[in-house]
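K.L.:
Next comes my_file-v9.txt, compact mmCIF, C-alpha atoms:
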# COMPACT_ATOMS: atom_id res chain seq x y z
CA MET X 1 79.73 148.95 111.47
CA ASN X 2 76.77 150.91 112.84
CA ALA X 3 76.97 153.10 115.91
CA ILE X 4 75.10 150.65 118.14
CA ALA X 5 76.83 147.39 117.14
CA LEU X 6 77.46 145.07 120.07
CA ARG X 7 80.98 144.38 121.24
CA THR X 8 81.88 141.17 123.07
CA VAL X 9 81.41 142.64 126.55
CA ASP X 10 78.29 144.66 125.72
CA CYS X 11 74.72 144.08 126.80
CA HIS X 12 72.25 146.47 125.24
CA ILE X 13 68.86 147.12 126.81
CA TRP X 14 66.26 148.61 124.46
CA TRP X 15 63.27 150.36 126.04
CA ALA X 16 59.88 151.11 124.50
CA ASP X 17 56.62 152.55 125.77
CA PRO X 18 53.71 150.76 124.04
CA GLN X 19 51.74 154.01 124.08
CA ASP X 20 54.35 155.57 121.78
CA HIS X 21 54.09 152.91 119.09
CA PRO X 22 50.68 152.45 117.38
CA ILE X 23 50.02 148.76 116.92
CA ASN X 24 49.26 149.09 113.20
CA ASP X 25 52.77 150.49 112.68
CA LEU X 26 54.39 147.45 114.30
CA VAL X 27 52.54 144.34 113.14
CA GLY X 28 54.08 144.39 109.67
CA VAL X 29 57.32 142.80 110.91
CA LEU X 30 55.65 140.00 112.91
CA ASN X 31 55.34 136.46 111.58
CA VAL X 32 52.13 134.44 111.40
CA THR X 33 52.72 132.71 114.74
CA GLU X 34 53.29 136.03 116.51
CA LEU X 35 50.19 137.56 114.92
CA ARG X 36 48.07 134.62 116.07
CA ARG X 37 49.40 134.91 119.60
CA ALA X 38 48.72 138.65 119.60
CA ALA X 39 45.15 138.08 118.42
CA ALA X 40 44.57 135.62 121.29
CA TYR X 41 45.02 138.27 123.99
CA LYS X 42 41.69 139.35 125.45
CA ARG X 43 42.90 142.68 126.84
CA GLU X 44 44.05 145.34 124.41
CA GLN X 45 46.86 146.52 126.70
CA ASP X 46 48.29 142.98 126.87
CA ARG X 47 48.11 142.68 123.09
CA LEU X 48 49.88 146.01 122.63
CA ARG X 49 52.66 145.07 125.07
CA PHE X 50 53.23 141.75 123.28
CA VAL X 51 53.26 143.31 119.82
CA THR X 52 55.60 146.09 120.97
CA ALA X 53 57.99 143.54 122.49
CA ALA X 54 57.94 141.35 119.36
CA TRP X 55 58.55 144.38 117.14
CA LEU X 56 61.33 145.68 119.38
CA LEU X 57 63.08 142.29 119.52
CA ARG X 58 62.97 141.89 115.74
CA THR X 59 63.99 145.46 114.99
CA ALA X 60 66.87 145.63 117.49
CA ALA X 61 68.15 142.19 116.47
CA GLY X 62 67.78 143.07 112.80
CA ALA X 63 69.85 146.21 113.31
CA GLN X 64 72.55 144.12 114.97
CA LEU X 65 72.49 141.40 112.30
CA ASP X 66 72.08 143.86 109.42
CA ILE X 67 68.88 142.22 108.15
CA SER X 68 65.30 143.46 107.97
CA PRO X 69 63.21 142.85 111.11
CA GLU X 70 60.75 140.49 109.45
CA LYS X 71 63.64 138.22 108.42
CA VAL X 72 65.05 137.77 111.92
CA PRO X 73 64.65 134.03 112.73
CA VAL X 74 62.94 134.11 116.14
CA GLU X 75 61.85 130.93 117.94
CA ARG X 76 59.89 130.80 121.19
CA ARG X 77 59.44 127.07 121.70
CA CYS X 78 58.36 126.07 125.21
CA PRO X 79 60.53 123.23 126.62
CA ASN X 80 57.46 121.71 128.28
CA CYS X 81 54.87 121.71 125.51
CA ASP X 82 56.58 122.91 122.29
CA LYS X 83 54.06 125.75 121.97
CA PRO X 84 55.50 129.15 120.86
CA HIS X 85 55.48 130.87 124.25
CA GLY X 86 58.94 130.02 125.59
CA LYS X 87 62.07 132.13 125.91
CA PRO X 88 62.84 133.77 122.55
CA HIS X 89 65.90 132.62 120.61
CA VAL X 90 67.39 134.24 117.52
CA VAL X 91 68.50 131.26 115.44
CA THR X 92 71.70 132.41 113.74
CA ASP X 93 75.42 131.63 113.85
CA ASP X 94 76.23 135.07 115.27
CA GLY X 95 76.03 134.09 118.94
CA LEU X 96 73.33 136.66 119.64
CA HIS X 97 71.41 136.07 122.88
CA VAL X 98 68.15 137.89 123.60
CA SER X 99 65.50 138.31 126.28
CA ILE X 100 62.31 140.32 126.61
CA SER X 101 60.17 141.63 129.47
CA HIS X 102 57.24 143.99 129.83
CA SER X 103 55.22 145.48 132.65
CA GLY X 104 52.88 148.44 132.71
CA ASN X 105 54.13 150.95 130.14
CA ARG X 106 57.66 149.57 129.91
CA VAL X 107 58.90 147.02 127.38
CA ALA X 108 62.53 145.84 127.53
CA VAL X 109 64.62 143.81 125.11
CA ALA X 110 68.16 142.69 126.01
CA LEU X 111 70.77 141.76 123.40
CA THR X 112 74.28 140.45 124.00
CA THR X 113 76.88 138.08 122.59
CA ALA X 114 78.51 137.60 126.02
CA GLY X 115 76.28 134.66 127.03
CA ALA X 116 72.72 133.61 127.74
CA VAL X 117 70.75 136.62 128.99
CA GLY X 118 67.63 137.32 130.99
CA VAL X 119 65.95 140.68 131.54
CA ASP X 120 63.07 141.58 133.83
CA VAL X 121 61.10 144.74 134.49
CA GLU X 122 58.27 145.03 137.00
CA GLN X 123 56.04 147.76 138.33
CA VAL X 124 56.65 148.39 142.02
CA PRO X 125 53.62 147.08 143.93
CA THR X 126 51.43 149.74 145.49
CA ALA X 127 49.82 147.33 147.98
CA PRO X 128 51.62 145.69 150.91
CA VAL X 129 53.76 142.75 149.79
CA SER X 130 53.29 140.57 152.87
CA GLU X 131 51.27 137.97 150.95
CA LEU X 132 53.96 137.70 148.24
CA VAL X 133 56.98 137.52 150.51
CA GLY X 134 56.42 133.99 151.83
CA CYS X 135 56.36 132.32 148.42
CA ALA X 136 58.88 134.57 146.66
CA LEU X 137 61.69 135.25 149.15
CA SER X 138 63.98 133.00 151.14
CA ARG X 139 64.04 133.35 154.94
CA ASN X 140 67.24 135.38 154.76
CA GLU X 141 65.71 137.69 152.14
CA GLN X 142 62.59 138.13 154.24
CA GLU X 143 64.72 139.23 157.18
CA VAL X 144 66.58 141.71 154.98
CA LEU X 145 63.30 143.16 153.71
CA LYS X 146 62.05 143.64 157.28
CA THR X 147 64.99 145.93 157.99
CA LEU X 148 63.63 148.49 155.49
CA PRO X 149 61.11 151.13 156.53
CA GLU X 150 57.62 149.91 155.66
CA ARG X 151 57.18 152.61 153.02
CA HIS X 152 60.22 151.25 151.14
CA GLN X 153 59.39 147.56 151.33
CA GLN X 154 57.40 147.42 148.08
CA ALA X 155 60.33 148.86 146.12
CA GLY X 156 62.77 146.62 148.00
CA PHE X 157 60.73 143.55 147.18
CA ALA X 158 60.53 144.55 143.51
CA ARG X 159 64.32 144.98 143.28
CA MET X 160 64.92 141.47 144.63
CA TRP X 161 62.15 139.97 142.51
CA VAL X 162 63.49 141.29 139.20
CA CYS X 163 66.91 139.83 140.01
CA LYS X 164 65.36 136.41 140.59
CA GLU X 165 63.34 136.60 137.39
CA ALA X 166 66.33 137.80 135.36
CA VAL X 167 68.60 134.91 136.38
CA LEU X 168 65.87 132.30 135.83
CA LYS X 169 65.05 133.77 132.44
CA ALA X 170 68.73 133.63 131.51
CA THR X 171 68.81 129.87 132.13
CA GLY X 172 65.46 129.37 130.43
CA HIS X 173 63.87 127.85 133.55
CA GLY X 174 61.62 130.79 134.39
CA LEU X 175 59.24 130.15 137.27
CA ARG X 176 59.51 126.38 136.84
CA ILE X 177 62.03 126.87 139.67
CA SER X 178 60.38 128.31 142.76
CA PRO X 179 61.71 131.85 143.32
CA HIS X 180 62.19 131.32 147.06
CA LYS X 181 64.92 128.80 146.16
CA VAL X 182 66.87 131.54 144.40
CA GLU X 183 68.67 133.85 146.83
CA VAL X 184 69.89 137.29 145.79
CA SER X 185 71.50 140.24 147.53
CA GLY X 186 69.42 142.81 149.36
CA PRO X 187 67.83 145.79 147.64
CA LEU X 188 70.38 148.26 149.07
CA GLU X 189 73.36 146.22 147.83
CA GLU X 190 74.83 145.69 144.39
CA PRO X 191 72.77 142.96 142.70
CA ALA X 192 74.28 139.48 143.01
CA LEU X 193 73.13 135.88 142.90
CA LEU X 194 74.00 134.23 146.22
CA GLY X 195 72.57 130.75 145.78
CA TRP X 196 70.17 128.58 143.78
CA PRO X 197 69.49 124.87 143.15
CA LEU X 198 71.27 124.72 139.77
CA ASP X 199 74.75 123.36 139.02
CA ILE X 200 75.84 126.71 137.56
CA PRO X 201 78.09 128.43 140.14
CA PRO X 202 76.36 131.63 141.30
CA HIS X 203 79.54 133.70 140.89
CA THR X 204 79.47 133.04 137.14
CA VAL X 205 76.13 134.85 136.79
CA GLN X 206 76.53 138.58 136.22
CA LEU X 207 73.63 140.67 137.54
CA ARG X 208 73.13 144.38 136.88
CA ASN X 209 70.47 146.92 137.77
CA ILE X 210 68.72 148.62 134.87
CA TYR X 211 66.60 151.75 135.04
CA PRO X 212 63.04 151.62 133.68
CA GLY X 213 61.99 154.86 135.40
CA ASP X 214 60.02 155.87 138.47
CA GLY X 215 57.64 153.23 139.79
CA TYR X 216 59.52 150.33 138.18
CA ALA X 217 62.41 148.00 138.98
CA GLY X 218 64.61 146.22 136.46
CA ALA X 219 67.55 143.83 136.25
CA VAL X 220 69.53 141.95 133.62
CA ALA X 221 71.53 138.74 134.09
CA VAL X 222 74.18 137.25 131.81
CA LEU X 223 75.58 133.74 132.27
CA GLY X 224 79.37 133.69 132.11
CA ASP X 225 82.11 135.54 133.95
CA ASP X 226 84.88 135.54 131.34
CA GLN X 227 84.75 139.34 131.12
CA PRO X 228 82.64 141.85 133.06
CA ILE X 229 79.70 142.90 130.94
CA ARG X 230 78.99 146.53 130.17
CA VAL X 231 75.30 147.43 130.14
CA SER X 232 73.95 150.39 128.18
CA GLU X 233 70.32 151.43 127.75
CA TRP X 234 68.73 152.74 124.56
CA ASP X 235 65.41 154.20 123.47
CA ALA X 236 63.41 152.38 120.80
CA THR X 237 62.70 155.61 118.94
CA ALA X 238 66.24 155.26 117.56
CA LEU X 239 65.01 152.21 115.65
CA ARG X 240 62.18 154.00 113.83
CA PRO X 241 62.81 153.87 110.97
CA LEU X 242 65.39 151.07 110.92
CA SER X 243 67.62 153.06 108.59
CA SER X 244 68.01 155.82 111.21
CA LEU X 245 70.33 154.20 113.77
CA ALA X 246 72.34 157.14 115.09
CA ALA X 247 71.61 157.11 118.80
CA ALA X 248 73.07 158.07 122.14
CA PRO X 249 72.74 155.72 125.09
CA LEU X 250 70.40 156.68 127.92
CA ALA X 251 72.76 155.29 130.56
CA ALA X 252 75.91 153.24 130.78
Could you quickly redo this structure as C-alpha cells?

P.N.:
Amino acid sequence: MNAIALRTVDCHIWWADPQDHPINDLVGVLNVTELRRAAAYKREQDRLRFVTAAWLLRTAAGAQLDISPEKVPVERRCPNCDKPHGKPHVVTDDGLHVSISHSGNRVAVALTTAGAVGVDVEQVPTAPVSELVGCALSRNEQEVLKTLPERHQQAGFARMWVCKEAVLKATGHGLRISPHKVEVSGPLEEPALLGWPLDIPPHTVQLRNIYPGDGYAGAVAVLGDDQPIRVSEWDATALRPLSSLAAAPLAA
C-alpha cells in the first residue's frame, strides 16, 4: 500500500499550478477525446488549465488504483447531450469518486471512496459583487453578506459560492439547478448545506473548506453521512514522476 492510499473516510484534494507543469509534459496521458477538447480551447490559459486538470485526475487516480495514468477509464458524458463535457467518472469497481475544478492558477482534483464528491475553487472577485448576489444567493444569504464590512464582501460571497458549486457538482446537477435555490451557511461559519430543492436531506451532505491560497476560496462536498470525512490536501509535484509517491500532506 502506498503512502497516499485512500482510506474509507478520506477525501484527498490534489492541487496543481498550471504554470508549474509544461503542457507538453502532460498531454501524453490524455486520451483522444481529451486532446480534441483541449485543442478546441481558443485561449491558451484555458487549454493549459484543462490539460493540467485532466493530467492531475488521471495521475492521482492512477496512483490510487495502481495503474498507469493513461489507462485510467475516465468518462465525462453530459446527461443532457451525451457530449464529453460532464462530471468526470472513473469507471472501475473500486468505488472511487472524483471531481475537478480550476480557476486562475489553481487546479483541484478530489478523490474519495466515501461517496459522490464535488470540489470547487474560485478566485475571489476584485470588483463589487452586487450584480452577482441577486441571482446567486438566497434572500437569507444576501442579508448575511450585508452584515460583513464592504471590503470583506467579495471574499464572503466567494466562500458561499464555492459551497453551492461543490454540493451541486457532487450530485452531478451543476448549475442546471439555480444557485439561489441552494442555501448554505454564512462565510464566517463552518460550511454546511441548509436547504435545496433535492430529495437528498441536507444533513447527509458533508461540506468542508479547502485552502487554495490567498485570493481564492475552495470547498469540497461528499454525499453521505455514515462517517465524518477527513480531508487532506496534497501537492501535485508528489505525482511527478508517478513512481515517486512519498509525500506529506499540506493540511489535514

K.L.:
Go through X:Gln64, X:Gln142, X:Ser103, X:Gln45 and flag the residue nearest Val90 (chain X), using only C-alpha atoms for the distances.

P.N.:
X:Gln64

K.L.:
Measuring atom to atom with all atoms listed in the file, identify which of X:Trp234, X:Leu132, X:Phe50, X:Ala5 is nearest to Thr113 (chain X).

P.N.:
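Closest candidate: X:Ala5.
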
K.L.:
Quick one, how far is CA of Gly224 (chain X) from CA of Val9 (chain X)?

P.N.:
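Separating CA of Gly224 (chain X) from CA of Val9 (chain X) is a distance of 10.7 Å.
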
K.L.:
What's around Glu75 (chain X) at 10 Å? Count all atoms listed in the file, leave out sequence neighbours fewer than 3 positions away in its own chain, and write the answer as a ChimeraX atom specification.

P.N.:
/X:33,72,78,84-91

K.L.:
For a quick check of your reading of the model, name the residues lying within 12 Å of the coordinate (55.3, 135.5, 151.2), counting all atoms listed in the file, and write them as a list in words.

P.N.:
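Final list of nearby residues, as requested, is Pro128, Val129, Ser130, Glu131, Leu132, Val133, Gly134, Cys135, Ala136, Leu137, Ser138, Arg139, Glu141, Gln142, Glu143, Leu145, Phe157, Trp161, Pro179 and His180 of chain X.
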
K.L.:
What is the distance between CA of Ile229 (chain X) and CA of Ala63 (chain X), in Å to one decimal?

P.N.:
20.5 Å

K.L.:
Which residues come within 8 Å of region 208-213 of chain X, counting only C-alpha atoms, excluding same-chain residues fewer than 3 positions away, as a PyMOL selection string?

P.N.:
chain X and resi 15+106+121+190-192+216-221+231+233

K.L.:
CA of Ile4 (chain X) and CA of Leu26 (chain X) are how many Å apart?

P.N.:
21.3 Å

K.L.:
Which residue, X:His152, X:Ile23, X:Asp93, X:Leu111, has the smallest gap to Thr59 (chain X) when you use all atoms listed in the file?

P.N.:
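Looking only at the distances to Thr59 (chain X), the closest residue turns out to be X:Leu111.
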
K.L.:
From the options X:Leu188, X:Val182, X:Val29, X:Leu57, which residue's atoms come nearest to Val109 (chain X), counting all atoms listed in the file?

P.N.:
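Between X:Leu188, X:Val182, X:Val29, X:Leu57, the residue approaching Val109 (chain X) most closely is X:Leu57.
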
K.L.:
Considering all atoms listed in the file, can you say which of X:Leu168, X:Ala61, X:Ala38, X:Ile177 comes closest to Pro202 (chain X)?

P.N.:
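Selected residue with least distance to Pro202 (chain X): X:Leu168.
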
K.L.:
Nearest to Gln206 (chain X): which of X:Ala127, X:Pro69, X:Val119, X:Thr237 is it, counting all atoms listed in the file?

P.N.:
X:Val119

K.L.:
Just write region 5-49 of chain X with N, CA and C atoms, as a compact mmCIF listing (two decimals), in the first residue's frame, taken from the block above.

P.N.:
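The file below, out.txt, is the result:
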# COMPACT_ATOMS: atom_id res chain seq x y z
N ALA X 5 -2.51 6.17 -0.13
CA ALA X 5 -3.71 5.39 -0.43
C ALA X 5 -4.88 5.91 0.40
N LEU X 6 -6.05 5.98 -0.24
CA LEU X 6 -7.25 6.44 0.44
C LEU X 6 -7.76 5.39 1.42
N ARG X 7 -8.19 5.86 2.60
CA ARG X 7 -8.97 5.03 3.49
C ARG X 7 -10.44 5.43 3.36
N THR X 8 -11.33 4.64 3.95
CA THR X 8 -12.76 4.81 3.72
C THR X 8 -13.23 6.23 4.04
N VAL X 9 -12.69 6.84 5.07
CA VAL X 9 -13.17 8.16 5.49
C VAL X 9 -12.38 9.30 4.86
N ASP X 10 -11.43 8.99 4.00
CA ASP X 10 -10.55 10.02 3.45
C ASP X 10 -11.15 10.70 2.23
N CYS X 11 -10.85 11.98 2.10
CA CYS X 11 -11.04 12.70 0.85
C CYS X 11 -9.74 13.46 0.59
N HIS X 12 -9.09 13.12 -0.50
CA HIS X 12 -7.83 13.77 -0.84
C HIS X 12 -8.09 14.87 -1.89
N ILE X 13 -7.51 16.02 -1.64
CA ILE X 13 -7.53 17.13 -2.59
C ILE X 13 -6.13 17.30 -3.14
N TRP X 14 -5.99 17.18 -4.44
CA TRP X 14 -4.69 17.39 -5.11
C TRP X 14 -4.71 18.76 -5.78
N TRP X 15 -3.64 19.53 -5.53
CA TRP X 15 -3.53 20.88 -6.08
C TRP X 15 -2.40 20.94 -7.11
N ALA X 16 -2.65 21.70 -8.18
CA ALA X 16 -1.60 21.96 -9.17
C ALA X 16 -1.70 23.39 -9.65
N ASP X 17 -0.57 23.97 -9.97
CA ASP X 17 -0.50 25.28 -10.63
C ASP X 17 -0.13 25.01 -12.08
N PRO X 18 -1.01 25.37 -13.04
CA PRO X 18 -0.71 25.09 -14.44
C PRO X 18 0.62 25.65 -14.90
N GLN X 19 1.08 26.74 -14.27
CA GLN X 19 2.34 27.34 -14.68
C GLN X 19 3.54 26.45 -14.32
N ASP X 20 3.33 25.51 -13.41
CA ASP X 20 4.42 24.63 -12.99
C ASP X 20 4.53 23.36 -13.82
N HIS X 21 3.60 23.17 -14.75
CA HIS X 21 3.54 21.90 -15.47
C HIS X 21 3.45 22.18 -16.97
N PRO X 22 4.56 22.19 -17.69
CA PRO X 22 4.53 22.46 -19.14
C PRO X 22 3.57 21.51 -19.85
N ILE X 23 2.77 22.06 -20.74
CA ILE X 23 1.70 21.29 -21.37
C ILE X 23 2.23 20.08 -22.13
N ASN X 24 3.42 20.20 -22.73
CA ASN X 24 3.96 19.07 -23.50
C ASN X 24 4.36 17.91 -22.60
N ASP X 25 4.55 18.17 -21.30
CA ASP X 25 4.88 17.11 -20.36
C ASP X 25 3.64 16.36 -19.88
N LEU X 26 2.46 16.92 -20.14
CA LEU X 26 1.22 16.36 -19.58
C LEU X 26 0.36 15.63 -20.59
N VAL X 27 0.41 16.05 -21.85
CA VAL X 27 -0.56 15.55 -22.83
C VAL X 27 -0.39 14.06 -23.14
N GLY X 28 0.74 13.48 -22.80
CA GLY X 28 0.98 12.09 -23.13
C GLY X 28 0.03 11.12 -22.45
N VAL X 29 -0.60 11.51 -21.33
CA VAL X 29 -1.50 10.60 -20.64
C VAL X 29 -2.96 10.81 -21.03
N LEU X 30 -3.25 11.85 -21.83
CA LEU X 30 -4.63 12.14 -22.22
C LEU X 30 -5.09 11.23 -23.34
N ASN X 31 -6.41 10.96 -23.38
CA ASN X 31 -6.93 10.16 -24.49
C ASN X 31 -7.32 11.07 -25.65
N VAL X 32 -7.77 10.47 -26.73
CA VAL X 32 -8.07 11.23 -27.95
C VAL X 32 -9.16 12.26 -27.70
N THR X 33 -10.20 11.87 -26.97
CA THR X 33 -11.30 12.80 -26.69
C THR X 33 -10.82 14.01 -25.90
N GLU X 34 -9.97 13.78 -24.91
CA GLU X 34 -9.44 14.88 -24.10
C GLU X 34 -8.54 15.79 -24.94
N LEU X 35 -7.74 15.21 -25.81
CA LEU X 35 -6.87 16.00 -26.67
C LEU X 35 -7.68 16.88 -27.62
N ARG X 36 -8.77 16.33 -28.14
CA ARG X 36 -9.62 17.13 -29.04
C ARG X 36 -10.27 18.28 -28.29
N ARG X 37 -10.72 17.99 -27.08
CA ARG X 37 -11.34 19.07 -26.29
C ARG X 37 -10.31 20.14 -25.96
N ALA X 38 -9.10 19.73 -25.61
CA ALA X 38 -8.04 20.70 -25.31
C ALA X 38 -7.76 21.58 -26.52
N ALA X 39 -7.70 20.96 -27.70
CA ALA X 39 -7.39 21.71 -28.92
C ALA X 39 -8.49 22.72 -29.27
N ALA X 40 -9.72 22.49 -28.77
CA ALA X 40 -10.83 23.37 -29.11
C ALA X 40 -10.82 24.68 -28.32
N TYR X 41 -10.04 24.75 -27.25
CA TYR X 41 -9.99 25.99 -26.47
C TYR X 41 -9.30 27.07 -27.29
N LYS X 42 -9.86 28.26 -27.28
CA LYS X 42 -9.28 29.37 -28.04
C LYS X 42 -8.18 30.07 -27.26
N ARG X 43 -8.32 30.11 -25.93
CA ARG X 43 -7.32 30.80 -25.11
C ARG X 43 -6.34 29.78 -24.54
N GLU X 44 -5.06 30.13 -24.64
CA GLU X 44 -4.02 29.20 -24.19
C GLU X 44 -4.13 28.90 -22.70
N GLN X 45 -4.50 29.90 -21.88
CA GLN X 45 -4.59 29.65 -20.44
C GLN X 45 -5.72 28.68 -20.12
N ASP X 46 -6.83 28.73 -20.88
CA ASP X 46 -7.92 27.78 -20.67
C ASP X 46 -7.49 26.37 -21.07
N ARG X 47 -6.75 26.28 -22.18
CA ARG X 47 -6.25 24.98 -22.62
C ARG X 47 -5.31 24.38 -21.58
N LEU X 48 -4.43 25.20 -21.02
CA LEU X 48 -3.47 24.70 -20.05
C LEU X 48 -4.16 24.26 -18.77
N ARG X 49 -5.18 25.01 -18.33
CA ARG X 49 -5.92 24.59 -17.13
C ARG X 49 -6.61 23.25 -17.36
